[in-house]
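Below is one structure, written out as structure tokens; comments come after it.
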Amino acid sequence: MKIDVLTLFPDMFKSLDHSIVGRARALGQVDMSFINFRDFSTNKHHKVDDYPYGGGAGMLLTPQPIFDAFDSIEAKSPRVILTTPTGKPFNQQMAEEWAREEHLIFLCGHYEGFDQRIHDELATDEVSIGDFVLTGGELATMVMIDATVRLLPDVLGDQASHEDDSFSTGLLEYPHYTRPAEFRGLKVPDVLLSGNHARIETWRREQSLARTYRRRPDLLEQIELTEDDKKFLQS
Ligand code: SAM
């Protein structure tokens, strides 16, 4: 996969040199470029922002540097993701869809955001990472890159390790325990030590359902529940 990021702060993306994403880059599973669109400004002071027409507080990113930086990218992605709090909320399904693409382009905003013509002409997806306002699109882009790259084939050692993740199944994940079986008097549930895989599967499904019911009941409305699921939730 190829990822191009248009940003005023390429150095912020150094954190993607580390951990699983860093290893995926080192192995050539993903190729990332961070393009500073200030370098494309034709303004003699390399300005990239200007006052909003109609007045109001703050500055907006002007179209010229971003359009020219975008035009410098060779193969154009069918997916051009513009970061904005006014966008569609990012979720696991979007990460799964993007992980099947060959090329993604992210546009990171700053100041009060982008001139609307950048939204209208360049973006295929306008995406928010939550109902809050960040100072720029860089952290949002890193969040989305991390969530997407870990889903690429062979990036996580054990493929199953993301298939059971929260949201992949439509539910929140069940609780996990590791060794020791007892720590400071706190015991691992007996069922997990039983070696009975069918019972463990049932327990995990019920824990997922109960946790989702308590914390994110909205998710239960979006999935098809089995008869056993419904019986458990009514109990
Ligand atoms: N004036 C904008 C508004 O109220 O919708 C907020 C602009 S914000 C200060 C500057 C930039 O940060 C945005 O252009 C966007 O790239 C990024 N940003 C801020 N919050 C975000 C969020 N929740 N999700 C994604 N990007 C965000």
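Identifiers in this document derive from the order of the structure tokens: chains are assigned A, B, ..., residues are numbered from 1 separately in each chain, and ligands are numbered from 1 in order of occurrence.
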Any residue with an atom at most 10 Å from ligand 1 counts, using only C-alpha atoms and all ligand atoms. Which are they? Put them as a PDB file with N, CA and C atoms, in the first residue's frame.
```pdb
ATOM      1  N   THR A   7       0.702  17.785   4.554  1.00  0.00           N
ATOM      2  CA  THR A   7       0.732  18.333   5.908  1.00  0.00           C
ATOM      3  C   THR A   7       1.672  19.533   5.981  1.00  0.00           C
ATOM      4  N   ALA A  57     -13.370  34.929  12.695  1.00  0.00           N
ATOM      5  CA  ALA A  57     -12.073  34.714  13.342  1.00  0.00           C
ATOM      6  C   ALA A  57     -11.254  33.678  12.591  1.00  0.00           C
ATOM      7  N   GLY A  58      -9.935  33.805  12.707  1.00  0.00           N
ATOM      8  CA  GLY A  58      -9.029  32.754  12.220  1.00  0.00           C
ATOM      9  C   GLY A  58      -8.726  32.844  10.740  1.00  0.00           C
ATOM     10  N   MET A  59      -7.839  31.940  10.335  1.00  0.00           N
ATOM     11  CA  MET A  59      -7.341  31.906   8.962  1.00  0.00           C
ATOM     12  C   MET A  59      -7.719  30.569   8.330  1.00  0.00           C
ATOM     13  N   LEU A  60      -7.762  30.578   6.995  1.00  0.00           N
ATOM     14  CA  LEU A  60      -8.091  29.344   6.264  1.00  0.00           C
ATOM     15  C   LEU A  60      -6.947  28.946   5.353  1.00  0.00           C
ATOM     16  N   LEU A  61      -6.800  27.654   5.115  1.00  0.00           N
ATOM     17  CA  LEU A  61      -5.794  27.176   4.164  1.00  0.00           C
ATOM     18  C   LEU A  61      -6.262  27.520   2.752  1.00  0.00           C
ATOM     19  N   LEU A  82      -9.950  13.763   3.665  1.00  0.00           N
ATOM     20  CA  LEU A  82      -9.752  15.099   4.236  1.00  0.00           C
ATOM     21  C   LEU A  82     -10.173  15.064   5.696  1.00  0.00           C
ATOM     22  N   THR A  83      -9.255  15.474   6.577  1.00  0.00           N
ATOM     23  CA  THR A  83      -9.552  15.442   8.016  1.00  0.00           C
ATOM     24  C   THR A  83     -10.322  16.696   8.413  1.00  0.00           C
ATOM     25  N   THR A  84     -11.444  16.490   9.058  1.00  0.00           N
ATOM     26  CA  THR A  84     -12.256  17.628   9.503  1.00  0.00           C
ATOM     27  C   THR A  84     -13.239  17.182  10.583  1.00  0.00           C
ATOM     28  N   PRO A  85     -13.441  18.014  11.623  1.00  0.00           N
ATOM     29  CA  PRO A  85     -14.442  17.625  12.625  1.00  0.00           C
ATOM     30  C   PRO A  85     -15.851  17.572  12.045  1.00  0.00           C
ATOM     31  N   THR A  86     -16.043  18.145  10.842  1.00  0.00           N
ATOM     32  CA  THR A  86     -17.385  18.113  10.235  1.00  0.00           C
ATOM     33  C   THR A  86     -17.605  16.846   9.399  1.00  0.00           C
ATOM     34  N   GLY A  87     -16.601  15.942   9.399  1.00  0.00           N
ATOM     35  CA  GLY A  87     -16.694  14.753   8.546  1.00  0.00           C
ATOM     36  C   GLY A  87     -17.457  13.604   9.171  1.00  0.00           C
ATOM     37  N   LYS A  88     -17.524  12.530   8.413  1.00  0.00           N
ATOM     38  CA  LYS A  88     -18.169  11.293   8.882  1.00  0.00           C
ATOM     39  C   LYS A  88     -17.286  10.678   9.977  1.00  0.00           C
ATOM     40  N   PRO A  89     -17.862  10.205  11.068  1.00  0.00           N
ATOM     41  CA  PRO A  89     -17.020   9.641  12.136  1.00  0.00           C
ATOM     42  C   PRO A  89     -16.257   8.400  11.658  1.00  0.00           C
ATOM     43  N   PHE A  90     -14.959   8.395  11.910  1.00  0.00           N
ATOM     44  CA  PHE A  90     -14.101   7.264  11.532  1.00  0.00           C
ATOM     45  C   PHE A  90     -14.503   6.035  12.337  1.00  0.00           C
ATOM     46  N   PHE A 106      -4.020  11.484   2.466  1.00  0.00           N
ATOM     47  CA  PHE A 106      -4.640  12.188   3.591  1.00  0.00           C
ATOM     48  C   PHE A 106      -4.315  13.681   3.488  1.00  0.00           C
ATOM     49  N   LEU A 107      -5.306  14.527   3.753  1.00  0.00           N
ATOM     50  CA  LEU A 107      -5.098  15.970   3.773  1.00  0.00           C
ATOM     51  C   LEU A 107      -5.259  16.455   5.219  1.00  0.00           C
ATOM     52  N   CYS A 108      -4.190  17.053   5.755  1.00  0.00           N
ATOM     53  CA  CYS A 108      -4.229  17.533   7.143  1.00  0.00           C
ATOM     54  C   CYS A 108      -4.492  19.031   7.164  1.00  0.00           C
ATOM     55  N   GLY A 109      -5.557  19.412   7.829  1.00  0.00           N
ATOM     56  CA  GLY A 109      -5.895  20.832   7.928  1.00  0.00           C
ATOM     57  C   GLY A 109      -5.159  21.492   9.085  1.00  0.00           C
ATOM     58  N   HIS A 110      -5.329  22.805   9.165  1.00  0.00           N
ATOM     59  CA  HIS A 110      -4.734  23.597  10.233  1.00  0.00           C
ATOM     60  C   HIS A 110      -5.543  24.893  10.324  1.00  0.00           C
ATOM     61  N   TYR A 111      -5.210  25.737  11.292  1.00  0.00           N
ATOM     62  CA  TYR A 111      -5.943  27.008  11.495  1.00  0.00           C
ATOM     63  C   TYR A 111      -7.451  26.710  11.595  1.00  0.00           C
ATOM     64  N   GLU A 112      -8.286  27.440  10.843  1.00  0.00           N
ATOM     65  CA  GLU A 112      -9.737  27.166  10.903  1.00  0.00           C
ATOM     66  C   GLU A 112     -10.161  26.110   9.890  1.00  0.00           C
ATOM     67  N   GLY A 113      -9.194  25.554   9.186  1.00  0.00           N
ATOM     68  CA  GLY A 113      -9.515  24.493   8.219  1.00  0.00           C
ATOM     69  C   GLY A 113      -9.225  24.916   6.788  1.00  0.00           C
ATOM     70  N   PHE A 114      -9.877  24.212   5.852  1.00  0.00           N
ATOM     71  CA  PHE A 114      -9.591  24.370   4.416  1.00  0.00           C
ATOM     72  C   PHE A 114     -10.601  25.289   3.739  1.00  0.00           C
ATOM     73  N   ASP A 115     -10.148  25.997   2.703  1.00  0.00           N
ATOM     74  CA  ASP A 115     -11.062  26.641   1.763  1.00  0.00           C
ATOM     75  C   ASP A 115     -12.000  25.543   1.221  1.00  0.00           C
ATOM     76  N   GLU A 126     -14.628  12.813   3.725  1.00  0.00           N
ATOM     77  CA  GLU A 126     -14.348  13.824   4.756  1.00  0.00           C
ATOM     78  C   GLU A 126     -14.579  13.121   6.082  1.00  0.00           C
ATOM     79  N   VAL A 127     -13.522  13.051   6.908  1.00  0.00           N
ATOM     80  CA  VAL A 127     -13.592  12.153   8.063  1.00  0.00           C
ATOM     81  C   VAL A 127     -13.149  12.849   9.343  1.00  0.00           C
ATOM     82  N   SER A 128     -13.878  12.551  10.421  1.00  0.00           N
ATOM     83  CA  SER A 128     -13.570  13.070  11.761  1.00  0.00           C
ATOM     84  C   SER A 128     -13.177  11.905  12.658  1.00  0.00           C
ATOM     85  N   ILE A 129     -12.263  12.140  13.598  1.00  0.00           N
ATOM     86  CA  ILE A 129     -11.969  11.038  14.545  1.00  0.00           C
ATOM     87  C   ILE A 129     -12.764  11.185  15.842  1.00  0.00           C
ATOM     88  N   GLY A 130     -13.660  12.145  15.923  1.00  0.00           N
ATOM     89  CA  GLY A 130     -14.500  12.230  17.124  1.00  0.00           C
ATOM     90  C   GLY A 130     -15.068  13.628  17.290  1.00  0.00           C
ATOM     91  N   ASP A 131     -15.996  13.731  18.214  1.00  0.00           N
ATOM     92  CA  ASP A 131     -16.693  15.002  18.421  1.00  0.00           C
ATOM     93  C   ASP A 131     -15.901  15.923  19.329  1.00  0.00           C
ATOM     94  N   PHE A 132     -14.758  16.347  18.841  1.00  0.00           N
ATOM     95  CA  PHE A 132     -13.908  17.309  19.535  1.00  0.00           C
ATOM     96  C   PHE A 132     -13.043  17.960  18.468  1.00  0.00           C
ATOM     97  N   VAL A 133     -12.405  19.094  18.831  1.00  0.00           N
ATOM     98  CA  VAL A 133     -11.644  19.830  17.817  1.00  0.00           C
ATOM     99  C   VAL A 133     -10.154  19.817  18.171  1.00  0.00           C
ATOM    100  N   LEU A 134      -9.357  19.297  17.243  1.00  0.00           N
ATOM    101  CA  LEU A 134      -7.896  19.264  17.398  1.00  0.00           C
ATOM    102  C   LEU A 134      -7.311  20.521  16.742  1.00  0.00           C
ATOM    103  N   THR A 135      -6.015  20.767  17.012  1.00  0.00           N
ATOM    104  CA  THR A 135      -5.394  21.948  16.392  1.00  0.00           C
ATOM    105  C   THR A 135      -5.053  21.689  14.920  1.00  0.00           C
ATOM    106  N   GLY A 136      -4.880  20.416  14.552  1.00  0.00           N
ATOM    107  CA  GLY A 136      -4.532  20.103  13.168  1.00  0.00           C
ATOM    108  C   GLY A 136      -4.914  18.673  12.830  1.00  0.00           C
ATOM    109  N   GLY A 137      -4.806  18.330  11.549  1.00  0.00           N
ATOM    110  CA  GLY A 137      -5.225  16.999  11.097  1.00  0.00           C
ATOM    111  C   GLY A 137      -4.174  15.921  11.274  1.00  0.00           C
ATOM    112  N   GLU A 138      -2.983  16.276  11.804  1.00  0.00           N
ATOM    113  CA  GLU A 138      -1.892  15.292  11.860  1.00  0.00           C
ATOM    114  C   GLU A 138      -2.202  14.133  12.806  1.00  0.00           C
ATOM    115  N   LEU A 139      -2.641  14.452  14.028  1.00  0.00           N
ATOM    116  CA  LEU A 139      -2.917  13.356  14.980  1.00  0.00           C
ATOM    117  C   LEU A 139      -4.069  12.494  14.473  1.00  0.00           C
ATOM    118  N   ALA A 140      -5.071  13.141  13.879  1.00  0.00           N
ATOM    119  CA  ALA A 140      -6.209  12.381  13.328  1.00  0.00           C
ATOM    120  C   ALA A 140      -5.721  11.451  12.231  1.00  0.00           C
ATOM    121  N   THR A 141      -4.831  11.943  11.371  1.00  0.00           N
ATOM    122  CA  THR A 141      -4.313  11.120  10.275  1.00  0.00           C
ATOM    123  C   THR A 141      -3.502   9.953  10.821  1.00  0.00           C
ATOM    124  N   VAL A 143      -3.870   8.463  13.674  1.00  0.00           N
ATOM    125  CA  VAL A 143      -4.831   7.499  14.241  1.00  0.00           C
ATOM    126  C   VAL A 143      -5.395   6.617  13.120  1.00  0.00           C
ATOM    127  N   MET A 144      -5.785   7.264  12.024  1.00  0.00           N
ATOM    128  CA  MET A 144      -6.431   6.505  10.938  1.00  0.00           C
ATOM    129  C   MET A 144      -5.424   5.617  10.209  1.00  0.00           C
TER     130      MET A 144
END
```
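The neighbours of Arg205 of chain A here are the residues that come within 12 Å of it, using only C-alpha atoms and leaving out any residue fewer than 2 positions away in the same chain; they are Asp164, Ser166, Thr169, Gly170, Leu171, Leu172, Glu173, Tyr174, Pro175, Ala198, Arg199, Ile200, Glu201, Thr202, Trp203, Gln207, Ser208, Leu209, Ala210, Arg211, Thr212, Leu225, Thr226, Asp228, Asp229, Lys230, Phe232 and Leu233 of chain A.
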Could those selected residues go to a file with N, CA and C atoms, as an mmCIF file, in the first residue's frame?
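Result file follows (out_29.cif):
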```cif
data_model
loop_
_atom_site.group_PDB
_atom_site.id
_atom_site.type_symbol
_atom_site.label_atom_id
_atom_site.label_comp_id
_atom_site.auth_asym_id
_atom_site.auth_seq_id
_atom_site.Cartn_x
_atom_site.Cartn_y
_atom_site.Cartn_z
ATOM 1 N N ASP A 164 -10.958 -10.755 16.050
ATOM 2 C CA ASP A 164 -11.764 -10.771 17.277
ATOM 3 C C ASP A 164 -11.810 -9.402 17.951
ATOM 4 N N SER A 166 -12.463 -5.557 19.163
ATOM 5 C CA SER A 166 -13.683 -4.777 19.303
ATOM 6 C C SER A 166 -14.036 -4.198 17.936
ATOM 7 N N THR A 169 -16.220 -7.611 15.151
ATOM 8 C CA THR A 169 -17.357 -8.521 15.270
ATOM 9 C C THR A 169 -18.669 -7.743 15.398
ATOM 10 N N GLY A 170 -18.575 -6.432 15.493
ATOM 11 C CA GLY A 170 -19.768 -5.616 15.723
ATOM 12 C C GLY A 170 -20.013 -5.372 17.212
ATOM 13 N N LEU A 171 -19.257 -6.086 18.062
ATOM 14 C CA LEU A 171 -19.417 -5.948 19.524
ATOM 15 C C LEU A 171 -18.108 -5.459 20.136
ATOM 16 N N LEU A 172 -18.150 -5.051 21.389
ATOM 17 C CA LEU A 172 -16.913 -4.779 22.122
ATOM 18 C C LEU A 172 -16.276 -6.120 22.502
ATOM 19 N N GLU A 173 -14.973 -6.128 22.584
ATOM 20 C CA GLU A 173 -14.275 -7.382 22.883
ATOM 21 C C GLU A 173 -14.528 -7.821 24.335
ATOM 22 N N TYR A 174 -14.464 -9.138 24.550
ATOM 23 C CA TYR A 174 -14.605 -9.733 25.881
ATOM 24 C C TYR A 174 -13.330 -9.484 26.704
ATOM 25 N N PRO A 175 -13.361 -9.672 28.046
ATOM 26 C CA PRO A 175 -12.157 -9.479 28.865
ATOM 27 C C PRO A 175 -11.136 -10.600 28.638
ATOM 28 N N ALA A 198 -15.823 -25.021 23.861
ATOM 29 C CA ALA A 198 -17.203 -24.595 23.584
ATOM 30 C C ALA A 198 -17.688 -23.667 24.701
ATOM 31 N N ARG A 199 -17.408 -24.064 25.965
ATOM 32 C CA ARG A 199 -17.831 -23.224 27.105
ATOM 33 C C ARG A 199 -17.109 -21.876 27.071
ATOM 34 N N ILE A 200 -15.832 -21.917 26.701
ATOM 35 C CA ILE A 200 -15.056 -20.664 26.640
ATOM 36 C C ILE A 200 -15.644 -19.730 25.573
ATOM 37 N N GLU A 201 -15.968 -20.288 24.409
ATOM 38 C CA GLU A 201 -16.561 -19.487 23.328
ATOM 39 C C GLU A 201 -17.867 -18.839 23.795
ATOM 40 N N THR A 202 -18.713 -19.651 24.468
ATOM 41 C CA THR A 202 -20.004 -19.123 24.952
ATOM 42 C C THR A 202 -19.773 -18.012 25.970
ATOM 43 N N TRP A 203 -18.845 -18.257 26.899
ATOM 44 C CA TRP A 203 -18.554 -17.256 27.935
ATOM 45 C C TRP A 203 -18.076 -15.960 27.291
ATOM 46 N N GLN A 207 -19.830 -12.344 27.495
ATOM 47 C CA GLN A 207 -19.118 -11.195 28.073
ATOM 48 C C GLN A 207 -19.123 -10.025 27.089
ATOM 49 N N SER A 208 -18.919 -10.332 25.801
ATOM 50 C CA SER A 208 -18.950 -9.290 24.773
ATOM 51 C C SER A 208 -20.323 -8.629 24.720
ATOM 52 N N LEU A 209 -21.364 -9.472 24.742
ATOM 53 C CA LEU A 209 -22.732 -8.936 24.678
ATOM 54 C C LEU A 209 -23.019 -8.054 25.896
ATOM 55 N N ALA A 210 -22.619 -8.543 27.092
ATOM 56 C CA ALA A 210 -22.925 -7.809 28.327
ATOM 57 C C ALA A 210 -22.174 -6.472 28.338
ATOM 58 N N ARG A 211 -20.894 -6.502 27.942
ATOM 59 C CA ARG A 211 -20.094 -5.275 27.943
ATOM 60 C C ARG A 211 -20.661 -4.266 26.927
ATOM 61 N N THR A 212 -21.046 -4.763 25.766
ATOM 62 C CA THR A 212 -21.590 -3.874 24.725
ATOM 63 C C THR A 212 -22.933 -3.291 25.190
ATOM 64 N N LEU A 225 -28.392 -10.237 15.844
ATOM 65 C CA LEU A 225 -28.147 -11.082 17.019
ATOM 66 C C LEU A 225 -28.738 -12.465 16.781
ATOM 67 N N THR A 226 -28.077 -13.497 17.305
ATOM 68 C CA THR A 226 -28.627 -14.854 17.195
ATOM 69 C C THR A 226 -29.727 -15.007 18.259
ATOM 70 N N ASP A 228 -29.709 -17.178 20.588
ATOM 71 C CA ASP A 228 -29.005 -17.341 21.876
ATOM 72 C C ASP A 228 -28.583 -15.987 22.441
ATOM 73 N N ASP A 229 -28.104 -15.104 21.563
ATOM 74 C CA ASP A 229 -27.713 -13.756 22.003
ATOM 75 C C ASP A 229 -28.916 -13.054 22.649
ATOM 76 N N LYS A 230 -30.059 -13.142 21.941
ATOM 77 C CA LYS A 230 -31.263 -12.439 22.431
ATOM 78 C C LYS A 230 -31.694 -12.993 23.779
ATOM 79 N N PHE A 232 -29.825 -14.438 25.997
ATOM 80 C CA PHE A 232 -28.867 -14.004 27.019
ATOM 81 C C PHE A 232 -29.149 -12.556 27.437
ATOM 82 N N LEU A 233 -29.405 -11.696 26.469
ATOM 83 C CA LEU A 233 -29.619 -10.278 26.793
ATOM 84 C C LEU A 233 -30.914 -10.047 27.571
#
```
